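Notes for the one structure printed next.
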Amino acid sequence: MKNYETEDKILDAATEIFQAKGLDGARMQEIAQKASINKAMLHYYYRGKEKLFQAVFKRTIQMIIPKMVQIISSDKPLFDKIRQFTDQYVSFILEHPYIPLFVINELEKHPDIIHSIIQTNINNGVREKLNKQINEMIQKGEIKPINPEQLFLNVLSMSIFPIMAQTSLRTILQKDKNEYRQLLEERKTFIADFIISAIKK
């Protein structure tokens, strides 16, 4: 019978190693040692590296995607959604800065493994609801004409990039770690204000 405490230890160890080395570079023996178990026990829980990777990636995705989907699919006004999304998303990746790069890298390398995990967490109904809300606001003259997908990309990229490129940006801006962290904290409201100002009539 499987032990949930052991399973959590395995997933924690695998998460750390997969984030550092990716699916291709990780080794089951290394993960077993990190989790303080033997390799046979690891294979009892996960019968192969790809199965373990899927579990790690699924857990990573579920840390953030359901919260973001809940915001997007809610009945709140669009501007409230933008403010809540940027606040929660930037807060999350500030605490888990490894996640965007990890997800993007593995999506590029192993799309087949990850496609089904993404699909189970994001359905077309969410996107269609957001598109409908945006298009209705355009028709009412409340916001400027904009492709809903471009709006989403703007919010996401403005949130992710400063964290993914923080080593280079800290050097360019001549900020120490604490100063740059404060700059990122300010982006929670800055991004929303900037985007709303750009689309509002």
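Following the order of the structure tokens, first chain is A, next is B, and so on, with residues numbered from 1 inside each chain and ligands from 1 in the order they appear.
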Leaving out Met63 (chain A) and any residue of its chain fewer than 5 positions from it, which residues lie within 10 Å of it when counting only C-alpha atoms, given as a list in words?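 These residues fall inside the cut-off: Phe57, Lys58, Met68, Phe92, His96 and Ile99 of chain A.
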* Asked: Do you know which residues are at most 12 Å from region 71-79 of chain A counting only C-alpha atoms, after dropping those on the same chain fewer than 6 positions away, and could you put them as a ChimeraX atom specification?
  -> /A:64-65,85-89,122-138,142-143,148,151-152,155,189,191-200
task: Might you pull out every residue within 9 Å of region 3-14 of chain A, with only C-alpha atoms counted and same-chain residues fewer than 2 positions away left off, and present them as a list in words?
output: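 Everything that qualifies: Met1, Glu16, Ile17, Phe18, Gln19, Ala26, Met28, Glu30, Ile31, Ala32, Gln33, Lys34, Ala35, Ser36, Ile37, Leu42, Tyr45, Leu52, Phe53, Ala55, Val56 and Arg59 of chain A.
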Those same residues, written as a PDB file, in the first residue's frame with C-alpha atoms?
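New file selection.pdb:
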```
ATOM      1  CA  MET A   1       0.000   0.000   0.000  1.00  0.00           C
ATOM      2  CA  GLU A  16      13.766  20.013  -7.497  1.00  0.00           C
ATOM      3  CA  ILE A  17      15.735  17.815  -9.889  1.00  0.00           C
ATOM      4  CA  PHE A  18      13.421  18.214 -12.872  1.00  0.00           C
ATOM      5  CA  GLN A  19      13.486  21.983 -12.429  1.00  0.00           C
ATOM      6  CA  ALA A  26      17.163  13.906 -14.582  1.00  0.00           C
ATOM      7  CA  MET A  28      15.778   8.137 -11.309  1.00  0.00           C
ATOM      8  CA  GLU A  30      19.379  10.742  -8.229  1.00  0.00           C
ATOM      9  CA  ILE A  31      15.720  11.360  -7.424  1.00  0.00           C
ATOM     10  CA  ALA A  32      15.598   8.284  -5.188  1.00  0.00           C
ATOM     11  CA  GLN A  33      18.659   9.450  -3.277  1.00  0.00           C
ATOM     12  CA  LYS A  34      17.195  12.940  -2.895  1.00  0.00           C
ATOM     13  CA  ALA A  35      13.996  11.427  -1.501  1.00  0.00           C
ATOM     14  CA  SER A  36      15.998   9.141   0.840  1.00  0.00           C
ATOM     15  CA  ILE A  37      14.509   5.966  -0.600  1.00  0.00           C
ATOM     16  CA  LEU A  42      10.722   4.824  -6.457  1.00  0.00           C
ATOM     17  CA  TYR A  45       5.389   4.495  -6.913  1.00  0.00           C
ATOM     18  CA  LEU A  52       7.065  10.691 -12.528  1.00  0.00           C
ATOM     19  CA  PHE A  53       7.623  13.764 -14.681  1.00  0.00           C
ATOM     20  CA  ALA A  55       3.040  13.795 -11.876  1.00  0.00           C
ATOM     21  CA  VAL A  56       5.499  16.607 -11.104  1.00  0.00           C
ATOM     22  CA  ARG A  59       1.290  19.228  -9.558  1.00  0.00           C
TER      23      ARG A  59
END
```
Calculate how many Å separate CA of Pro100 (chain A) from CA of Met164 (chain A), rounding to one decimal.
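Between these atoms lies a distance of 7.2 Å.
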Test item: residues at most 9 Å from Glu185 (chain A), only C-alpha atoms, excluding those fewer than 2 positions along its chain, as a PyMOL selection string:
chain A and resi 87+90-91+94+180-183+187-189
Hey, can you spit out that residue selection with N, CA and C atoms as an mmCIF file, in the first residue's frame?
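Written file, selection.cif:
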```cif
data_model
loop_
_atom_site.group_PDB
_atom_site.id
_atom_site.type_symbol
_atom_site.label_atom_id
_atom_site.label_comp_id
_atom_site.auth_asym_id
_atom_site.auth_seq_id
_atom_site.Cartn_x
_atom_site.Cartn_y
_atom_site.Cartn_z
ATOM 1 N N ASP A 87 -2.378 40.690 -9.939
ATOM 2 C CA ASP A 87 -1.979 40.648 -8.535
ATOM 3 C C ASP A 87 -1.632 39.228 -8.106
ATOM 4 N N VAL A 90 1.482 37.614 -10.394
ATOM 5 C CA VAL A 90 2.803 38.132 -10.035
ATOM 6 C C VAL A 90 3.190 37.683 -8.631
ATOM 7 N N SER A 91 2.235 37.684 -7.703
ATOM 8 C CA SER A 91 2.515 37.210 -6.342
ATOM 9 C C SER A 91 2.974 35.757 -6.368
ATOM 10 N N LEU A 94 6.482 35.349 -7.972
ATOM 11 C CA LEU A 94 7.515 35.884 -7.080
ATOM 12 C C LEU A 94 7.918 34.835 -6.054
ATOM 13 N N TYR A 180 14.974 45.149 -6.486
ATOM 14 C CA TYR A 180 14.282 44.578 -7.641
ATOM 15 C C TYR A 180 12.984 43.899 -7.211
ATOM 16 N N ARG A 181 13.008 43.271 -6.057
ATOM 17 C CA ARG A 181 11.794 42.647 -5.523
ATOM 18 C C ARG A 181 10.703 43.707 -5.323
ATOM 19 N N GLN A 182 11.079 44.855 -4.815
ATOM 20 C CA GLN A 182 10.118 45.936 -4.614
ATOM 21 C C GLN A 182 9.558 46.417 -5.945
ATOM 22 N N LEU A 183 10.406 46.466 -6.962
ATOM 23 C CA LEU A 183 9.967 46.863 -8.298
ATOM 24 C C LEU A 183 8.923 45.877 -8.831
ATOM 25 N N ARG A 187 4.679 46.024 -9.758
ATOM 26 C CA ARG A 187 4.102 45.632 -11.045
ATOM 27 C C ARG A 187 2.716 45.018 -10.897
ATOM 28 N N LYS A 188 2.383 44.546 -9.717
ATOM 29 C CA LYS A 188 1.060 43.948 -9.512
ATOM 30 C C LYS A 188 -0.040 44.925 -9.900
ATOM 31 N N THR A 189 0.143 46.186 -9.542
ATOM 32 C CA THR A 189 -0.852 47.200 -9.908
ATOM 33 C C THR A 189 -0.470 47.931 -11.191
#
```
* To do: Do a neighbour search on Pro162 (chain A) at 10 Å with only C-alpha atoms, toss out local chain neighbours closer than 3 positions, and write the hits as JSON, numbers by chain.
  => {"A": [90, 157, 158, 159, 165, 166, 167, 168, 169, 170, 180, 183, 184, 187]}
Would you save the residues from that selection as a PDB file, in the first residue's frame, using N, CA and C atoms?
```pdb
ATOM      1  N   VAL A  90       1.482  37.614 -10.394  1.00  0.00           N
ATOM      2  CA  VAL A  90       2.803  38.132 -10.035  1.00  0.00           C
ATOM      3  C   VAL A  90       3.190  37.683  -8.631  1.00  0.00           C
ATOM      4  N   SER A 157       2.688  38.156 -20.638  1.00  0.00           N
ATOM      5  CA  SER A 157       4.097  38.448 -20.928  1.00  0.00           C
ATOM      6  C   SER A 157       4.637  39.563 -20.041  1.00  0.00           C
ATOM      7  N   MET A 158       3.831  40.567 -19.763  1.00  0.00           N
ATOM      8  CA  MET A 158       4.278  41.650 -18.886  1.00  0.00           C
ATOM      9  C   MET A 158       4.486  41.167 -17.454  1.00  0.00           C
ATOM     10  N   SER A 159       3.785  40.106 -17.087  1.00  0.00           N
ATOM     11  CA  SER A 159       3.931  39.539 -15.747  1.00  0.00           C
ATOM     12  C   SER A 159       5.141  38.616 -15.653  1.00  0.00           C
ATOM     13  N   ALA A 165      13.732  37.119 -16.611  1.00  0.00           N
ATOM     14  CA  ALA A 165      14.974  37.802 -17.027  1.00  0.00           C
ATOM     15  C   ALA A 165      15.556  38.658 -15.904  1.00  0.00           C
ATOM     16  N   GLN A 166      15.229  38.304 -14.661  1.00  0.00           N
ATOM     17  CA  GLN A 166      15.599  39.200 -13.563  1.00  0.00           C
ATOM     18  C   GLN A 166      17.110  39.350 -13.364  1.00  0.00           C
ATOM     19  N   THR A 167      17.896  38.332 -13.655  1.00  0.00           N
ATOM     20  CA  THR A 167      19.346  38.446 -13.487  1.00  0.00           C
ATOM     21  C   THR A 167      19.910  39.538 -14.401  1.00  0.00           C
ATOM     22  N   SER A 168      19.502  39.508 -15.659  1.00  0.00           N
ATOM     23  CA  SER A 168      19.962  40.522 -16.605  1.00  0.00           C
ATOM     24  C   SER A 168      19.374  41.892 -16.279  1.00  0.00           C
ATOM     25  N   LEU A 169      18.103  41.925 -15.939  1.00  0.00           N
ATOM     26  CA  LEU A 169      17.438  43.201 -15.692  1.00  0.00           C
ATOM     27  C   LEU A 169      17.961  43.881 -14.426  1.00  0.00           C
ATOM     28  N   ARG A 170      18.296  43.100 -13.421  1.00  0.00           N
ATOM     29  CA  ARG A 170      18.873  43.686 -12.198  1.00  0.00           C
ATOM     30  C   ARG A 170      20.198  44.381 -12.521  1.00  0.00           C
ATOM     31  N   TYR A 180      14.974  45.149  -6.486  1.00  0.00           N
ATOM     32  CA  TYR A 180      14.282  44.578  -7.641  1.00  0.00           C
ATOM     33  C   TYR A 180      12.984  43.899  -7.211  1.00  0.00           C
ATOM     34  N   LEU A 183      10.406  46.466  -6.962  1.00  0.00           N
ATOM     35  CA  LEU A 183       9.967  46.863  -8.298  1.00  0.00           C
ATOM     36  C   LEU A 183       8.923  45.877  -8.831  1.00  0.00           C
ATOM     37  N   LEU A 184       9.174  44.600  -8.595  1.00  0.00           N
ATOM     38  CA  LEU A 184       8.231  43.577  -9.049  1.00  0.00           C
ATOM     39  C   LEU A 184       6.923  43.640  -8.268  1.00  0.00           C
ATOM     40  N   ARG A 187       4.679  46.024  -9.758  1.00  0.00           N
ATOM     41  CA  ARG A 187       4.102  45.632 -11.045  1.00  0.00           C
ATOM     42  C   ARG A 187       2.716  45.018 -10.897  1.00  0.00           C
TER      43      ARG A 187
END
```
**Request:** Please identify which residues in region 123-185 of chain A DSSP calls helix (DSSP H, G or I) from the backbone, and express them as an NGL selection string.
**Result:** :A and (124-139 or 148-164 or 166-173 or 177-185)
Requested write-out: N, CA and C atoms of the selected residues, as a short mmCIF file (atom, residue, chain, number, x, y, z; two decimals), in the first residue's frame:
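Ended up saving to selection_8.cif:
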```
data_model
loop_
_atom_site.label_atom_id
_atom_site.label_comp_id
_atom_site.auth_asym_id
_atom_site.auth_seq_id
_atom_site.Cartn_x
_atom_site.Cartn_y
_atom_site.Cartn_z
N ASN A 124 -11.96 25.06 -23.52
CA ASN A 124 -12.35 26.12 -24.45
C ASN A 124 -13.45 27.02 -23.90
N GLY A 125 -14.27 26.49 -22.99
CA GLY A 125 -15.36 27.28 -22.42
C GLY A 125 -14.86 28.52 -21.71
N VAL A 126 -13.72 28.41 -21.04
CA VAL A 126 -13.15 29.54 -20.31
C VAL A 126 -12.73 30.62 -21.30
N ARG A 127 -12.05 30.21 -22.35
CA ARG A 127 -11.59 31.16 -23.36
C ARG A 127 -12.76 31.82 -24.08
N GLU A 128 -13.76 31.03 -24.40
CA GLU A 128 -14.93 31.56 -25.11
C GLU A 128 -15.67 32.58 -24.25
N LYS A 129 -15.77 32.32 -22.95
CA LYS A 129 -16.45 33.25 -22.05
C LYS A 129 -15.72 34.58 -21.98
N LEU A 130 -14.39 34.52 -21.88
CA LEU A 130 -13.60 35.75 -21.82
C LEU A 130 -13.70 36.52 -23.14
N ASN A 131 -13.60 35.80 -24.27
CA ASN A 131 -13.71 36.44 -25.57
C ASN A 131 -15.06 37.14 -25.74
N LYS A 132 -16.11 36.47 -25.28
CA LYS A 132 -17.45 37.05 -25.37
C LYS A 132 -17.55 38.33 -24.55
N GLN A 133 -17.01 38.31 -23.35
CA GLN A 133 -17.05 39.48 -22.48
C GLN A 133 -16.31 40.66 -23.12
N ILE A 134 -15.14 40.39 -23.68
CA ILE A 134 -14.34 41.45 -24.31
C ILE A 134 -15.06 42.00 -25.54
N ASN A 135 -15.57 41.11 -26.37
CA ASN A 135 -16.25 41.55 -27.60
C ASN A 135 -17.51 42.35 -27.29
N GLU A 136 -18.23 41.99 -26.24
CA GLU A 136 -19.42 42.74 -25.85
C GLU A 136 -19.04 44.15 -25.38
N MET A 137 -17.92 44.27 -24.66
CA MET A 137 -17.47 45.59 -24.21
C MET A 137 -17.02 46.45 -25.39
N ILE A 138 -16.44 45.81 -26.39
CA ILE A 138 -16.04 46.53 -27.60
C ILE A 138 -17.27 47.07 -28.32
N GLN A 139 -18.29 46.21 -28.47
CA GLN A 139 -19.51 46.60 -29.16
C GLN A 139 -20.25 47.73 -28.43
N PRO A 148 -8.88 39.58 -28.23
CA PRO A 148 -8.81 39.04 -26.87
C PRO A 148 -7.54 38.25 -26.58
N GLU A 149 -7.04 37.54 -27.58
CA GLU A 149 -5.82 36.76 -27.39
C GLU A 149 -4.61 37.68 -27.20
N GLN A 150 -4.59 38.80 -27.91
CA GLN A 150 -3.50 39.76 -27.73
C GLN A 150 -3.54 40.38 -26.33
N LEU A 151 -4.74 40.65 -25.86
CA LEU A 151 -4.89 41.20 -24.51
C LEU A 151 -4.34 40.21 -23.47
N PHE A 152 -4.69 38.95 -23.62
CA PHE A 152 -4.22 37.91 -22.70
C PHE A 152 -2.70 37.79 -22.76
N LEU A 153 -2.15 37.80 -23.97
CA LEU A 153 -0.69 37.71 -24.13
C LEU A 153 0.01 38.89 -23.48
N ASN A 154 -0.59 40.08 -23.60
CA ASN A 154 0.01 41.27 -22.98
C ASN A 154 0.09 41.11 -21.46
N VAL A 155 -1.01 40.69 -20.86
CA VAL A 155 -1.05 40.52 -19.41
C VAL A 155 -0.02 39.48 -18.97
N LEU A 156 0.00 38.35 -19.68
CA LEU A 156 0.88 37.25 -19.29
C LEU A 156 2.35 37.60 -19.49
N SER A 157 2.69 38.16 -20.64
CA SER A 157 4.10 38.45 -20.93
C SER A 157 4.64 39.56 -20.04
N MET A 158 3.83 40.57 -19.76
CA MET A 158 4.28 41.65 -18.89
C MET A 158 4.49 41.17 -17.45
N SER A 159 3.79 40.11 -17.09
CA SER A 159 3.93 39.54 -15.75
C SER A 159 5.14 38.62 -15.65
N ILE A 160 5.34 37.80 -16.69
CA ILE A 160 6.37 36.76 -16.64
C ILE A 160 7.78 37.28 -16.92
N PHE A 161 7.93 38.09 -17.96
CA PHE A 161 9.27 38.44 -18.44
C PHE A 161 10.18 39.05 -17.37
N PRO A 162 9.72 40.02 -16.57
CA PRO A 162 10.64 40.61 -15.59
C PRO A 162 11.18 39.63 -14.56
N ILE A 163 10.45 38.52 -14.36
CA ILE A 163 10.92 37.52 -13.41
C ILE A 163 11.86 36.52 -14.10
N MET A 164 11.51 36.12 -15.31
CA MET A 164 12.38 35.19 -16.03
C MET A 164 13.73 35.81 -16.37
N GLN A 166 15.23 38.30 -14.66
CA GLN A 166 15.60 39.20 -13.56
C GLN A 166 17.11 39.35 -13.36
N THR A 167 17.90 38.33 -13.66
CA THR A 167 19.35 38.45 -13.49
C THR A 167 19.91 39.54 -14.40
N SER A 168 19.50 39.51 -15.66
CA SER A 168 19.96 40.52 -16.60
C SER A 168 19.37 41.89 -16.28
N LEU A 169 18.10 41.92 -15.94
CA LEU A 169 17.44 43.20 -15.69
C LEU A 169 17.96 43.88 -14.43
N ARG A 170 18.30 43.10 -13.42
CA ARG A 170 18.87 43.69 -12.20
C ARG A 170 20.20 44.38 -12.52
N THR A 171 20.97 43.77 -13.40
CA THR A 171 22.25 44.38 -13.80
C THR A 171 22.01 45.66 -14.59
N ILE A 172 21.10 45.59 -15.56
CA ILE A 172 20.81 46.76 -16.40
C ILE A 172 20.27 47.92 -15.56
N LEU A 173 19.36 47.60 -14.65
CA LEU A 173 18.72 48.64 -13.83
C LEU A 173 19.53 49.00 -12.59
N LYS A 177 18.93 42.77 -4.92
CA LYS A 177 17.82 41.81 -4.87
C LYS A 177 16.57 42.42 -4.24
N ASN A 178 16.72 43.12 -3.13
CA ASN A 178 15.58 43.71 -2.43
C ASN A 178 14.94 44.83 -3.24
N GLU A 179 15.76 45.65 -3.87
CA GLU A 179 15.24 46.75 -4.69
C GLU A 179 14.45 46.21 -5.88
N TYR A 180 14.97 45.15 -6.49
CA TYR A 180 14.28 44.58 -7.64
C TYR A 180 12.98 43.90 -7.21
N ARG A 181 13.01 43.27 -6.06
CA ARG A 181 11.79 42.65 -5.52
C ARG A 181 10.70 43.71 -5.32
N GLN A 182 11.08 44.85 -4.82
CA GLN A 182 10.12 45.94 -4.61
C GLN A 182 9.56 46.42 -5.95
N LEU A 183 10.41 46.47 -6.96
CA LEU A 183 9.97 46.86 -8.30
C LEU A 183 8.92 45.88 -8.83
N LEU A 184 9.17 44.60 -8.60
CA LEU A 184 8.23 43.58 -9.05
C LEU A 184 6.92 43.64 -8.27
N GLU A 185 7.00 43.94 -6.99
CA GLU A 185 5.79 44.09 -6.18
C GLU A 185 4.92 45.21 -6.76
#
```
re CA of Lys81 (chain A) and CA of Asn105 (chain A): distance 27.8 Å
